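Visitor: Pasting a structure below so you can have a look.
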Amino acid sequence: MSLEITKVTARIGARVSGVDITRPLASEEVAAIREALNVHKALVFDAGDLDDAGQQAFARHFGDITTAHPTVPAVEGAPNVLPVDSERGRANHWHTDVTFVLNPPQATSLRSITVPPYGGETLIADTAGAYRDLPEPLRRLADTLWAEHTNDYDYAVPDEAIDEEKEAQRAEFTSITYRTAHPVVRVHPLTGERGLFIGGFAQRIVGLSAGESRKVLDLLQAYVTRPENVLRWRWSPNQLVLFDNRITQHYAIDNYDGLPRRLNRVTVAGDIPVGIEGKESYSIEGDASHYTPVTSVAA
């Protein structure tokens, strides 16, 4: 096996070479990629002529895949592929994918289709590094907290300047309301690392008012987005980034003057998050069984 892992930053991110992800992978290659994902949180591959079917086949090496999204339409003819298209909205807000459902995806793959000539980077943050950076009093507080996540807040459509098209996008995104309570500190089921499981869909700390919740969440989020914890990836054509959705957040920078930017997303179904006391997340509103199966922990 000629697979090589090259770190991109000290805390998060690595490039993977010596493997052709357009073909079926050997079991030892899958195991090596999974181990690299556990260590580096985000991996970058050259995707060559990978198409939608190939991206789905690659993602399936790591578990069952979800449909594209609980409420947003998929690529035509590919129900498991979500178009991340600048013309349909911009995810320029820190978030972990689909945390408003009971079992968010364990991993996300993004494949570059159309890359602007400048800008359009994706930021990916290491939430385990953020947790380790917390001063001990804040860490003890975070360990006890639970947060309610909901899609009723649309990270892709800001409140200001809502025109008719954006209002329709918001209505589509929130066509089914989801609310789920997750531990603020999630234990990674494979590595045992603790990470801050918050992001843009976390709107309220259980037991606190909206105002109090926002202050606490902002304080913790500031540790997630410290530059030392962030990989800033400048896309090239025909690349694929795979990141661990259980212990990262990400942000698509809107810095490309409205030029075309398109990625295709395929996500791997995940397990139910667990806090440090072993308690699982619980659903408050919304059934996502049409979107994702609940999986056991994948090795």
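Simple scheme: letters A, B, ... for chains in structure tokens order, numbers from 1 for residues in each chain, numbers from 1 for ligands in the order shown.
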What are the closest atom pairs, with distances in Å to one decimal, for all residues of region 61-147 of chain A lying within 10 Å of region 207-212 of chain A? Consider only C-alpha atoms, order rows by chain and residue number, and present the result as a Markdown table.
Guide:
```
| residue | atom | partner | partner_atom | distance |
| --- | --- | --- | --- | --- |
| A:Leu145 | CA | A:Gly207 | CA | 9.0 |
| A:Trp146 | CA | A:Gly207 | CA | 8.6 |
| A:Ala147 | CA | A:Gly207 | CA | 9.1 |
```
Visitor: Identify all residues of region 24-176 of chain A in alpha helix (DSSP H) (DSSP on the backbone) and supply them as an mmCIF file with N, CA and C atoms, in the first residue's frame.
Guide:
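Once everything was written out, this is out.cif:
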```
data_model
loop_
_atom_site.group_PDB
_atom_site.id
_atom_site.type_symbol
_atom_site.label_atom_id
_atom_site.label_comp_id
_atom_site.auth_asym_id
_atom_site.auth_seq_id
_atom_site.Cartn_x
_atom_site.Cartn_y
_atom_site.Cartn_z
ATOM 1 N N SER A 27 -9.603 -3.114 1.736
ATOM 2 C CA SER A 27 -9.965 -2.953 3.142
ATOM 3 C C SER A 27 -8.866 -2.257 3.934
ATOM 4 N N GLU A 28 -7.602 -2.549 3.590
ATOM 5 C CA GLU A 28 -6.509 -1.899 4.316
ATOM 6 C C GLU A 28 -6.405 -0.419 3.963
ATOM 7 N N GLU A 29 -6.797 -0.044 2.760
ATOM 8 C CA GLU A 29 -6.819 1.373 2.396
ATOM 9 C C GLU A 29 -7.924 2.094 3.165
ATOM 10 N N VAL A 30 -9.096 1.485 3.250
ATOM 11 C CA VAL A 30 -10.199 2.088 4.002
ATOM 12 C C VAL A 30 -9.796 2.257 5.460
ATOM 13 N N ALA A 31 -9.170 1.254 6.036
ATOM 14 C CA ALA A 31 -8.752 1.329 7.435
ATOM 15 C C ALA A 31 -7.733 2.441 7.643
ATOM 16 N N ALA A 32 -6.809 2.601 6.703
ATOM 17 C CA ALA A 32 -5.792 3.644 6.829
ATOM 18 C C ALA A 32 -6.413 5.036 6.702
ATOM 19 N N ILE A 33 -7.381 5.181 5.801
ATOM 20 C CA ILE A 33 -8.055 6.473 5.644
ATOM 21 C C ILE A 33 -8.870 6.793 6.893
ATOM 22 N N ARG A 34 -9.560 5.790 7.435
ATOM 23 C CA ARG A 34 -10.338 6.021 8.655
ATOM 24 C C ARG A 34 -9.432 6.441 9.809
ATOM 25 N N GLU A 35 -8.290 5.779 9.939
ATOM 26 C CA GLU A 35 -7.354 6.146 11.002
ATOM 27 C C GLU A 35 -6.833 7.567 10.794
ATOM 28 N N ALA A 36 -6.530 7.930 9.546
ATOM 29 C CA ALA A 36 -6.067 9.287 9.253
ATOM 30 C C ALA A 36 -7.156 10.310 9.561
ATOM 31 N N LEU A 37 -8.412 9.956 9.280
ATOM 32 C CA LEU A 37 -9.519 10.864 9.583
ATOM 33 C C LEU A 37 -9.660 11.041 11.091
ATOM 34 N N ASN A 38 -9.487 9.958 11.852
ATOM 35 C CA ASN A 38 -9.537 10.063 13.309
ATOM 36 C C ASN A 38 -8.471 11.017 13.837
ATOM 37 N N VAL A 39 -7.296 10.988 13.228
ATOM 38 C CA VAL A 39 -6.171 11.796 13.700
ATOM 39 C C VAL A 39 -6.269 13.240 13.215
ATOM 40 N N HIS A 40 -6.549 13.420 11.920
ATOM 41 C CA HIS A 40 -6.417 14.741 11.290
ATOM 42 C C HIS A 40 -7.748 15.471 11.098
ATOM 43 N N ASP A 52 -20.627 11.735 -9.652
ATOM 44 C CA ASP A 52 -21.535 11.588 -8.515
ATOM 45 C C ASP A 52 -21.591 10.138 -8.038
ATOM 46 N N ALA A 53 -21.665 9.206 -8.963
ATOM 47 C CA ALA A 53 -21.724 7.793 -8.577
ATOM 48 C C ALA A 53 -20.443 7.387 -7.856
ATOM 49 N N GLY A 54 -19.314 7.865 -8.356
ATOM 50 C CA GLY A 54 -18.045 7.536 -7.718
ATOM 51 C C GLY A 54 -17.910 8.152 -6.338
ATOM 52 N N GLN A 55 -18.415 9.369 -6.161
ATOM 53 C CA GLN A 55 -18.372 9.998 -4.840
ATOM 54 C C GLN A 55 -19.224 9.220 -3.851
ATOM 55 N N GLN A 56 -20.382 8.769 -4.284
ATOM 56 C CA GLN A 56 -21.228 7.969 -3.405
ATOM 57 C C GLN A 56 -20.555 6.638 -3.064
ATOM 58 N N ALA A 57 -19.925 6.016 -4.051
ATOM 59 C CA ALA A 57 -19.234 4.748 -3.794
ATOM 60 C C ALA A 57 -18.087 4.941 -2.806
ATOM 61 N N PHE A 58 -17.364 6.050 -2.946
ATOM 62 C CA PHE A 58 -16.275 6.345 -2.008
ATOM 63 C C PHE A 58 -16.824 6.515 -0.594
ATOM 64 N N ALA A 59 -17.888 7.302 -0.450
ATOM 65 C CA ALA A 59 -18.450 7.552 0.879
ATOM 66 C C ALA A 59 -18.960 6.262 1.517
ATOM 67 N N ARG A 60 -19.480 5.347 0.699
ATOM 68 C CA ARG A 60 -20.026 4.098 1.241
ATOM 69 C C ARG A 60 -18.955 3.202 1.858
ATOM 70 N N THR A 127 -12.946 20.882 16.700
ATOM 71 C CA THR A 127 -13.656 21.189 17.937
ATOM 72 C C THR A 127 -13.062 20.465 19.143
ATOM 73 N N ALA A 128 -12.252 19.425 18.904
ATOM 74 C CA ALA A 128 -11.520 18.795 20.008
ATOM 75 C C ALA A 128 -10.410 19.714 20.493
ATOM 76 N N GLY A 129 -9.714 20.346 19.560
ATOM 77 C CA GLY A 129 -8.711 21.335 19.945
ATOM 78 C C GLY A 129 -9.325 22.480 20.722
ATOM 79 N N ALA A 130 -10.535 22.893 20.302
ATOM 80 C CA ALA A 130 -11.237 23.959 21.013
ATOM 81 C C ALA A 130 -11.535 23.547 22.451
ATOM 82 N N TYR A 131 -11.999 22.323 22.639
ATOM 83 C CA TYR A 131 -12.292 21.844 23.989
ATOM 84 C C TYR A 131 -11.026 21.815 24.844
ATOM 85 N N ARG A 132 -9.923 21.343 24.276
ATOM 86 C CA ARG A 132 -8.670 21.290 25.038
ATOM 87 C C ARG A 132 -8.179 22.680 25.408
ATOM 88 N N ASP A 133 -8.525 23.688 24.589
ATOM 89 C CA ASP A 133 -8.089 25.063 24.862
ATOM 90 C C ASP A 133 -8.879 25.733 25.981
ATOM 91 N N GLU A 136 -9.930 25.487 32.623
ATOM 92 C CA GLU A 136 -10.581 24.437 33.399
ATOM 93 C C GLU A 136 -11.973 24.826 33.887
ATOM 94 N N PRO A 137 -12.210 26.039 34.400
ATOM 95 C CA PRO A 137 -13.577 26.372 34.844
ATOM 96 C C PRO A 137 -14.595 26.328 33.700
ATOM 97 N N LEU A 138 -14.203 26.798 32.520
ATOM 98 C CA LEU A 138 -15.113 26.742 31.375
ATOM 99 C C LEU A 138 -15.331 25.310 30.924
ATOM 100 N N ARG A 139 -14.289 24.496 30.983
ATOM 101 C CA ARG A 139 -14.420 23.102 30.583
ATOM 102 C C ARG A 139 -15.415 22.379 31.496
ATOM 103 N N ARG A 140 -15.304 22.637 32.810
ATOM 104 C CA ARG A 140 -16.228 21.991 33.742
ATOM 105 C C ARG A 140 -17.668 22.427 33.478
ATOM 106 N N LEU A 141 -17.857 23.717 33.149
ATOM 107 C CA LEU A 141 -19.192 24.206 32.821
ATOM 108 C C LEU A 141 -19.706 23.535 31.548
ATOM 109 N N ALA A 142 -18.900 23.542 30.498
ATOM 110 C CA ALA A 142 -19.325 22.965 29.218
ATOM 111 C C ALA A 142 -19.710 21.505 29.370
ATOM 112 N N ASP A 143 -18.994 20.782 30.211
ATOM 113 C CA ASP A 143 -19.269 19.355 30.414
ATOM 114 C C ASP A 143 -20.696 19.100 30.893
ATOM 115 N N THR A 144 -21.307 20.076 31.529
ATOM 116 C CA THR A 144 -22.635 19.884 32.116
ATOM 117 C C THR A 144 -23.771 20.350 31.206
ATOM 118 N N GLU A 164 -37.840 37.672 -2.487
ATOM 119 C CA GLU A 164 -38.804 36.598 -2.714
ATOM 120 C C GLU A 164 -38.116 35.248 -2.902
ATOM 121 N N GLU A 165 -37.004 35.245 -3.627
ATOM 122 C CA GLU A 165 -36.285 33.990 -3.864
ATOM 123 C C GLU A 165 -35.703 33.430 -2.568
ATOM 124 N N LYS A 166 -35.096 34.308 -1.772
ATOM 125 C CA LYS A 166 -34.508 33.846 -0.515
ATOM 126 C C LYS A 166 -35.573 33.409 0.475
ATOM 127 N N GLU A 167 -36.719 34.087 0.433
ATOM 128 C CA GLU A 167 -37.815 33.667 1.305
ATOM 129 C C GLU A 167 -38.288 32.262 0.934
ATOM 130 N N ALA A 168 -38.313 31.968 -0.365
ATOM 131 C CA ALA A 168 -38.699 30.628 -0.813
ATOM 132 C C ALA A 168 -37.664 29.593 -0.366
ATOM 133 N N GLN A 169 -36.381 29.960 -0.418
ATOM 134 C CA GLN A 169 -35.330 29.048 0.046
ATOM 135 C C GLN A 169 -35.468 28.768 1.536
ATOM 136 N N ARG A 170 -35.757 29.808 2.287
ATOM 137 C CA ARG A 170 -35.936 29.633 3.729
ATOM 138 C C ARG A 170 -37.136 28.743 4.022
ATOM 139 N N ALA A 171 -38.230 28.965 3.308
ATOM 140 C CA ALA A 171 -39.427 28.148 3.518
ATOM 141 C C ALA A 171 -39.139 26.684 3.212
ATOM 142 N N GLU A 172 -38.356 26.442 2.161
ATOM 143 C CA GLU A 172 -37.979 25.069 1.815
ATOM 144 C C GLU A 172 -37.120 24.449 2.912
ATOM 145 N N PHE A 173 -36.139 25.202 3.393
ATOM 146 C CA PHE A 173 -35.214 24.689 4.403
ATOM 147 C C PHE A 173 -35.934 24.338 5.699
#
```
Visitor: Go through A:Arg11, A:His290, A:Arg111, A:His61 and flag the residue nearest Asp85 (chain A), using only C-alpha atoms for the distances.
Guide: A:Arg111
Visitor: Kindly indicate which residue among A:His250, A:Asp126, A:Asp51, A:Asn264 lies nearest to Glu193 (chain A), using only C-alpha atoms for the distances.
Guide: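 Smallest separation from Glu193 (chain A) among the options: A:Asp126.
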Visitor: Would you compute the distance between CA of Ile21 (chain A) and CA of Ser2 (chain A)? Give it in Å to one decimal.
Guide: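 Calculated distance between CA of Ile21 (chain A) and CA of Ser2 (chain A) is 13.1 Å.
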Visitor: For CA of Leu190 (chain A) and CA of Glu277 (chain A), determine how far apart the two atoms are, in Å to one decimal place.
Guide: 16.2 Å
Visitor: Excluding Trp235 (chain A) and its own-chain neighbours fewer than 5 positions away, which residues fall within 10 Å of it when counting only C-alpha atoms? Please give them as JSON, numbers by chain.
Guide: {"A": [44, 111, 112, 113, 114, 115, 116, 117, 118, 119, 120, 121, 122, 240, 241, 263]}
Visitor: With all heavy atoms retained, write the just-selected residues as a CSV table (one decimal), in the first residue's frame.
Guide:
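The result, written out as out.csv:
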```csv
chain,number,residue,atom,x,y,z
A,44,VAL,N,-7.8,15.7,2.4
A,44,VAL,CA,-8.0,16.2,1.0
A,44,VAL,C,-7.4,15.2,0.1
A,44,VAL,O,-6.3,14.7,0.2
A,44,VAL,CB,-7.2,17.5,0.9
A,44,VAL,CG1,-7.4,18.1,-0.5
A,44,VAL,CG2,-7.7,18.5,1.9
A,111,ARG,N,-17.0,17.6,-3.0
A,111,ARG,CA,-16.2,17.4,-4.3
A,111,ARG,C,-16.4,18.7,-5.1
A,111,ARG,O,-17.5,19.2,-5.3
A,111,ARG,CB,-16.7,16.2,-5.0
A,111,ARG,CG,-16.1,16.0,-6.4
A,111,ARG,CD,-16.5,14.6,-7.0
A,111,ARG,NE,-17.9,14.5,-7.1
A,111,ARG,CZ,-18.6,14.7,-8.2
A,111,ARG,NH1,-18.0,15.2,-9.3
A,111,ARG,NH2,-19.9,14.6,-8.3
A,112,SER,N,-15.3,19.2,-5.5
A,112,SER,CA,-15.3,20.5,-6.3
A,112,SER,C,-15.7,20.2,-7.7
A,112,SER,O,-15.2,19.4,-8.4
A,112,SER,CB,-13.9,21.2,-6.3
A,112,SER,OG,-12.9,20.3,-6.7
A,113,ILE,N,-16.8,21.0,-8.1
A,113,ILE,CA,-17.3,20.9,-9.5
A,113,ILE,C,-16.9,22.2,-10.2
A,113,ILE,O,-16.4,22.1,-11.3
A,113,ILE,CB,-18.9,20.8,-9.4
A,113,ILE,CG1,-19.3,19.6,-8.6
A,113,ILE,CG2,-19.4,20.6,-10.8
A,113,ILE,CD1,-18.8,18.2,-9.0
A,114,THR,N,-17.3,23.3,-9.7
A,114,THR,CA,-16.9,24.6,-10.2
A,114,THR,C,-16.3,25.5,-9.2
A,114,THR,O,-16.8,25.7,-8.1
A,114,THR,CB,-18.2,25.4,-10.7
A,114,THR,OG1,-18.9,24.6,-11.7
A,114,THR,CG2,-17.8,26.7,-11.4
A,115,VAL,N,-15.0,25.9,-9.5
A,115,VAL,CA,-14.2,26.6,-8.5
A,115,VAL,C,-14.0,28.1,-9.1
A,115,VAL,O,-13.6,28.2,-10.2
A,115,VAL,CB,-12.9,26.0,-8.3
A,115,VAL,CG1,-12.0,26.8,-7.4
A,115,VAL,CG2,-13.0,24.6,-7.8
A,116,PRO,N,-14.3,29.1,-8.2
A,116,PRO,CA,-14.1,30.5,-8.7
A,116,PRO,C,-12.6,30.7,-8.9
A,116,PRO,O,-11.8,30.1,-8.2
A,116,PRO,CB,-14.7,31.3,-7.6
A,116,PRO,CG,-14.7,30.5,-6.4
A,116,PRO,CD,-14.9,29.1,-6.9
A,117,PRO,N,-12.2,31.7,-9.7
A,117,PRO,CA,-10.8,32.0,-9.9
A,117,PRO,C,-10.1,32.5,-8.6
A,117,PRO,O,-8.8,32.5,-8.6
A,117,PRO,CB,-10.8,33.0,-11.0
A,117,PRO,CG,-12.1,33.6,-11.0
A,117,PRO,CD,-13.0,32.6,-10.5
A,118,TYR,N,-10.8,33.0,-7.7
A,118,TYR,CA,-10.3,33.5,-6.4
A,118,TYR,C,-11.3,33.3,-5.4
A,118,TYR,O,-12.5,33.3,-5.6
A,118,TYR,CB,-9.8,34.9,-6.5
A,118,TYR,CG,-10.8,35.9,-7.0
A,118,TYR,CD1,-11.8,36.4,-6.2
A,118,TYR,CD2,-10.9,36.2,-8.4
A,118,TYR,CE1,-12.8,37.3,-6.6
A,118,TYR,CE2,-11.9,37.1,-8.8
A,118,TYR,CZ,-12.8,37.6,-8.0
A,118,TYR,OH,-13.8,38.5,-8.4
A,119,GLY,N,-10.9,33.2,-4.1
A,119,GLY,CA,-11.8,33.0,-3.0
A,119,GLY,C,-12.5,31.7,-3.0
A,119,GLY,O,-12.1,30.7,-3.6
A,120,GLY,N,-13.6,31.6,-2.2
A,120,GLY,CA,-14.4,30.4,-2.1
A,120,GLY,C,-13.8,29.3,-1.3
A,120,GLY,O,-14.2,28.2,-1.4
A,121,GLU,N,-12.9,29.7,-0.4
A,121,GLU,CA,-12.3,28.6,0.5
A,121,GLU,C,-13.3,28.1,1.5
A,121,GLU,O,-14.3,28.7,1.8
A,121,GLU,CB,-11.1,29.2,1.3
A,121,GLU,CG,-10.0,29.8,0.4
A,121,GLU,CD,-10.1,31.3,0.2
A,121,GLU,OE1,-11.2,31.8,0.3
A,121,GLU,OE2,-9.0,31.9,0.0
A,122,THR,N,-13.0,26.9,2.0
A,122,THR,CA,-13.8,26.3,3.0
A,122,THR,C,-12.9,26.3,4.3
A,122,THR,O,-11.8,25.8,4.2
A,122,THR,CB,-14.3,24.9,2.7
A,122,THR,OG1,-15.2,25.0,1.6
A,122,THR,CG2,-15.0,24.2,3.8
A,240,LEU,N,-11.5,16.3,-3.6
A,240,LEU,CA,-12.5,15.9,-2.6
A,240,LEU,C,-12.0,16.1,-1.2
A,240,LEU,O,-10.8,15.7,-0.9
A,240,LEU,CB,-12.9,14.4,-2.8
A,240,LEU,CG,-14.0,13.9,-1.9
A,240,LEU,CD1,-15.0,12.9,-2.7
A,240,LEU,CD2,-13.4,13.1,-0.7
A,241,VAL,N,-12.8,16.7,-0.3
A,241,VAL,CA,-12.4,16.8,1.1
A,241,VAL,C,-13.4,16.0,1.9
A,241,VAL,O,-14.6,16.1,1.7
A,241,VAL,CB,-12.5,18.3,1.5
A,241,VAL,CG1,-12.3,18.4,3.0
A,241,VAL,CG2,-11.4,19.1,0.8
A,263,LEU,N,-20.0,22.8,-5.3
A,263,LEU,CA,-19.5,21.5,-4.7
A,263,LEU,C,-20.6,20.6,-4.6
A,263,LEU,O,-21.8,21.0,-4.5
A,263,LEU,CB,-18.9,21.7,-3.3
A,263,LEU,CG,-17.9,22.9,-3.1
A,263,LEU,CD1,-17.6,23.0,-1.6
A,263,LEU,CD2,-16.6,22.7,-3.9
```
Visitor: Pick out the residues sitting within 7 Å of Ala125 (chain A), and hand them over as a list of chain:residue names; count only C-alpha atoms, and ignore anything fewer than 6 positions along from it in its own chain.
Guide: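 Contacts, in chain order: A:Val224, A:Thr225, A:Asn229, A:Val230, A:Leu231, A:Thr248, A:Gln249, A:His250.
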Visitor: Nearest to Gly63 (chain A) among A:Asn80, A:Ser283, A:Gln239, A:Thr267, with distances taken over only C-alpha atoms: which residue is it?
Guide: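 The closest residue to Gly63 (chain A) is A:Thr267.
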Visitor: Can you pull out every residue from region 35-269 of chain A that DSSP, working from the backbone, puts in strand (DSSP E), and format the result as a ChimeraX atom specification?
Guide: /A:42-46,82-85,107-114,122-126,146-150,179-183,185-187,194-196,202-205,230-233,239-244,248-252,262-268
